[in-house]
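Asker: mmCIF, C-alpha atoms, saved as query_0.cif, coming up:
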data_start
loop_
_atom_site.label_atom_id
_atom_site.label_comp_id
_atom_site.auth_asym_id
_atom_site.auth_seq_id
_atom_site.Cartn_x
_atom_site.Cartn_y
_atom_site.Cartn_z
CA MET A 126 -12.88 8.39 59.41
CA ASN A 127 -16.27 6.75 59.63
CA THR A 128 -18.63 9.49 60.84
CA GLN A 129 -21.49 6.97 61.00
CA THR A 130 -20.21 5.73 64.37
CA LEU A 131 -20.29 9.22 65.92
CA PRO A 132 -23.34 10.74 67.62
CA PHE A 133 -25.53 12.68 65.17
CA GLN A 134 -24.26 16.08 66.34
CA LYS A 135 -20.62 15.08 65.84
CA GLN A 136 -21.47 13.63 62.41
CA ARG A 137 -22.74 17.01 61.26
CA ILE A 138 -19.65 18.87 62.47
CA ASN A 139 -17.34 16.35 60.83
CA ALA A 140 -19.44 16.58 57.67
CA ILE A 141 -18.61 20.31 57.58
CA LEU A 142 -14.90 19.53 57.90
CA HIS A 143 -15.06 16.99 55.08
CA ASP A 144 -17.35 19.01 52.80
CA ARG A 145 -15.65 19.63 49.43
CA LYS A 146 -16.59 23.31 49.35
CA TYR A 147 -15.33 23.77 52.92
CA GLN A 148 -12.05 22.05 52.08
CA SER A 149 -11.66 24.12 48.91
CA CYS A 150 -12.29 27.42 50.73
CA TYR A 151 -10.04 26.42 53.61
CA ASN A 152 -7.21 25.60 51.19
CA GLU A 153 -7.73 28.94 49.42
CA ILE A 154 -7.44 30.80 52.73
CA CYS A 155 -4.23 28.93 53.56
CA ALA A 156 -2.80 29.78 50.13
CA CYS A 157 -3.74 33.46 50.47
CA GLU A 158 -2.18 33.63 53.94
CA ARG A 159 0.92 31.57 53.17
CA ASN A 160 3.23 34.61 53.48
CA ARG A 161 1.08 36.59 55.91
CA VAL A 162 2.95 37.65 59.07
CA PHE A 163 -0.23 38.58 60.95
CA CYS A 164 -2.97 36.35 62.37
CA HIS A 165 -3.95 33.37 60.26
CA HIS A 166 -7.47 32.09 59.75
CA ASP A 167 -6.61 28.45 60.07
CA MET A 168 -7.94 25.42 61.92
CA GLY A 169 -6.17 26.53 65.11
CA HIS A 170 -8.12 29.81 65.01
CA PHE A 171 -11.42 28.08 64.20
CA LEU A 172 -11.01 25.58 67.05
CA ASN A 173 -9.87 28.27 69.50
CA VAL A 174 -13.04 30.21 68.71
CA ALA A 175 -15.17 27.07 69.18
CA ARG A 176 -13.60 26.15 72.50
CA LEU A 177 -13.73 29.69 73.89
CA ALA A 178 -17.36 30.04 72.81
CA MET A 179 -18.13 26.74 74.56
CA ILE A 180 -16.55 28.08 77.75
CA PHE A 181 -18.67 31.25 77.52
CA TYR A 182 -21.78 29.16 76.93
CA LEU A 183 -21.03 26.83 79.85
CA LYS A 184 -20.33 29.76 82.19
CA GLU A 185 -23.55 31.53 81.25
CA LYS A 186 -26.08 28.70 81.18
CA ASP A 187 -28.14 27.51 84.11
CA THR A 188 -27.43 23.77 84.06
CA GLU A 189 -24.25 21.71 84.23
CA GLN A 190 -25.06 19.43 81.31
CA PRO A 191 -24.25 20.95 77.90
CA ASP A 192 -27.01 20.98 75.29
CA GLU A 193 -25.73 19.02 72.28
CA GLN A 194 -27.64 21.21 69.83
CA ILE A 195 -25.97 24.37 71.20
CA GLU A 196 -22.58 22.63 71.11
CA ASP A 197 -23.24 21.77 67.49
CA LEU A 198 -24.22 25.33 66.61
CA ILE A 199 -21.13 26.71 68.36
CA TYR A 200 -18.76 24.39 66.52
CA ALA A 201 -20.51 24.88 63.17
CA THR A 202 -20.35 28.67 63.54
CA ALA A 203 -16.72 28.63 64.66
CA LEU A 204 -15.68 26.44 61.73
CA LEU A 205 -17.56 28.59 59.24
CA HIS A 206 -17.26 32.17 60.56
CA ASP A 207 -14.15 33.04 58.50
CA ILE A 208 -14.47 30.50 55.68
CA GLY A 209 -15.01 33.29 53.14
CA ARG A 210 -11.83 35.13 54.12
CA HIS A 211 -10.14 34.24 50.82
CA ILE A 212 -12.89 36.06 48.92
CA GLN A 213 -12.15 39.22 50.90
CA TYR A 214 -8.50 38.89 49.90
CA LEU A 215 -9.42 38.36 46.25
CA ASP A 216 -12.17 40.92 45.62
CA GLY A 217 -12.72 42.94 48.81
CA THR A 218 -16.08 41.41 49.78
CA ARG A 219 -16.43 41.60 53.56
CA HIS A 220 -15.54 38.14 54.82
CA GLU A 221 -18.57 37.80 57.11
CA ILE A 222 -20.84 38.23 54.06
CA ALA A 223 -18.83 35.78 51.96
CA SER A 224 -18.65 33.33 54.87
CA ALA A 225 -22.42 33.48 55.45
CA ASP A 226 -23.08 32.73 51.76
CA ILE A 227 -20.70 29.78 51.76
CA ALA A 228 -21.99 28.51 55.12
CA SER A 229 -25.57 28.51 53.89
CA GLU A 230 -24.88 25.92 51.21
CA ILE A 231 -22.61 23.81 53.44
CA LEU A 232 -25.12 23.73 56.32
CA LYS A 233 -27.83 22.40 53.98
CA ARG A 234 -25.60 19.53 52.90
CA CYS A 235 -24.66 18.76 56.51
CA ASP A 236 -28.21 18.21 57.86
CA PHE A 237 -28.73 21.52 59.66
CA ASN A 238 -32.39 22.51 59.66
CA GLU A 239 -33.63 25.95 58.64
CA THR A 240 -33.79 27.31 62.20
CA GLU A 241 -30.29 26.08 63.06
CA SER A 242 -28.90 27.45 59.81
CA ARG A 243 -30.47 30.85 60.48
CA LEU A 244 -28.84 30.99 63.93
CA VAL A 245 -25.41 30.04 62.55
CA ILE A 246 -25.67 32.48 59.64
CA GLU A 247 -26.71 35.31 61.99
CA ALA A 248 -23.76 34.61 64.31
CA ILE A 249 -21.39 34.59 61.32
CA LEU A 250 -22.79 37.92 60.12
CA GLN A 251 -22.51 39.41 63.62
CA HIS A 252 -19.06 38.11 64.60
CA ARG A 253 -17.51 41.53 63.97
CA ASN A 254 -20.35 43.59 65.47
CA PRO A 255 -19.40 44.93 68.94
CA GLU A 256 -23.08 45.52 69.74
CA VAL A 257 -23.51 41.76 70.37
CA ARG A 258 -20.50 41.54 72.71
CA GLU A 259 -22.43 41.16 75.97
CA GLU A 260 -25.20 38.92 74.65
CA ALA A 261 -25.58 35.50 76.26
CA SER A 262 -26.28 34.07 72.81
CA LEU A 263 -24.52 32.35 69.95
CA CYS A 264 -23.77 35.78 68.45
CA GLY A 265 -22.24 37.06 71.69
CA TRP A 266 -20.26 33.90 72.43
CA ILE A 267 -18.76 33.80 68.92
CA TYR A 268 -18.00 37.54 68.92
CA ARG A 269 -16.14 37.34 72.24
CA ALA A 270 -14.39 34.09 71.36
CA ASP A 271 -13.20 35.44 68.02
CA LYS A 272 -11.73 38.52 69.67
CA MET A 273 -10.20 36.62 72.59
CA SER A 274 -8.69 33.89 70.40
CA ARG A 275 -5.76 36.04 69.32
CA SER A 276 -2.54 35.85 71.34
CA CYS A 277 -1.21 39.31 70.48
CA PHE A 278 0.96 39.28 73.61
CA ALA A 279 3.03 36.46 72.06
CA CYS A 280 2.89 37.50 68.40
CA PRO A 281 6.21 38.31 66.72
CA ALA A 282 4.38 40.72 64.35
CA GLU A 283 2.49 42.59 67.11
CA ALA A 284 4.57 45.79 66.76
CA MET A 285 3.78 45.92 63.01
CA CYS A 286 0.07 45.21 63.44
CA ASP A 287 -2.21 48.13 62.65
CA TRP A 288 -4.87 47.06 65.14
CA LYS A 289 -5.34 49.63 67.86
CA ASN A 290 -3.92 48.55 71.22
CA ASP A 291 -7.38 48.44 72.78
CA LYS A 292 -8.34 45.72 70.24
CA LYS A 293 -5.21 43.67 70.81
CA ASN A 294 -4.94 40.95 73.43
CA LEU A 295 -1.77 42.23 75.08
CA GLU A 296 -2.39 40.41 78.35
CA LEU A 297 -3.79 36.99 79.12
CA ASN A 298 -7.46 37.32 79.94
CA TYR A 299 -9.72 34.58 81.28
#
Kindly present the structure from the file in structure tokens form.

Answerer:
Amino acid sequence: MNTQTLPFQKQRINAILHDRKYQSCYNEICACERNRVFCHHDMGHFLNVARLAMIFYLKEKDTEQPDEQIEDLIYATALLHDIGRHIQYLDGTRHEIASADIASEILKRCDFNETESRLVIEAILQHRNPEVREEASLCGWIYRADKMSRSCFACPAEAMCDWKNDKKNLELNY
């Protein structure tokens, strides 16, 4: 794929996808979760989080035209928010910490400026913090999208899952 023909924002998101470190981490996650019966942290999850966060953003903003920079930050955060999950499996490091560390180096290589990188890193670090749930911000959108992205109501392993029922998505919510 020639990313040079895409708009700048799309080039940066595709640069994340094609980044060697990103690919390596993604493959490690897939290997660690190969026999996992519970939720996977795969491209389907990452894109579900991105698309749900975009919906939250579009519902909460004041204009009809999306801001390409916000779109970019949403997709970057969604693609990177769990990219350190394999490290948690291997040594117990909380995945949001590992993901933020990995994201920092990838964002630099993919032309994100310091301010953008700080926003993405903060949203990655906060994606498990319920205190940001109601925020009309990147942190809030990613938190809600991450939680809503799971289809517990259709999961064959739902009865074995140790999540409390109030955390599970047992009904379709929109």

Asker: Have a look at CA of Ile180 (chain A) and CA of Ile141 (chain A) and let me know their distance in Å, one decimal.

Answerer: 21.7 Å

Asker: Using the chain letters and numbers from this file, what does the PyMOL selection byres ((chain A and resi 257-260) around 12) select? Give the answer as an MDAnalysis selection string.

Answerer: chainID A and resid 178 181:182 185 247:256 261:273

Asker: Considering all atoms listed in the file, can you say which of A:Thr218, A:Ser242, A:Ser229, A:Ser274 comes closest to His166 (chain A)?

Answerer: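 The shortest atom-to-atom distance to His166 (chain A) comes from A:Ser274.
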
Asker: Find, counting all atoms listed in the file, the residue in A:Met179, A:Ala201, A:Ile222, A:Ala284 that gets nearest to Asp236 (chain A).

Answerer: A:Ala201

Asker: Using all atoms listed in the file for the distances, tell me which of A:Ala203, A:Cys280, A:Ala140, A:Ile154 is nearest to Asn173 (chain A).

Answerer: A:Ala203

Asker: Looking at all atoms listed in the file, which of A:Lys184, A:Glu239, A:His220, A:Val245 is the one that sits closest to Tyr299 (chain A)?

Answerer: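 Among the listed residues, A:Lys184 lies closest to Tyr299 (chain A).
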
Asker: Expanded to explicit residues, what is the PyMOL selection byres ((chain A and resi 277) around 8) for this file, as an MDAnalysis selection string?

Answerer: chainID A and resid 275:276 278:280 283 293:295
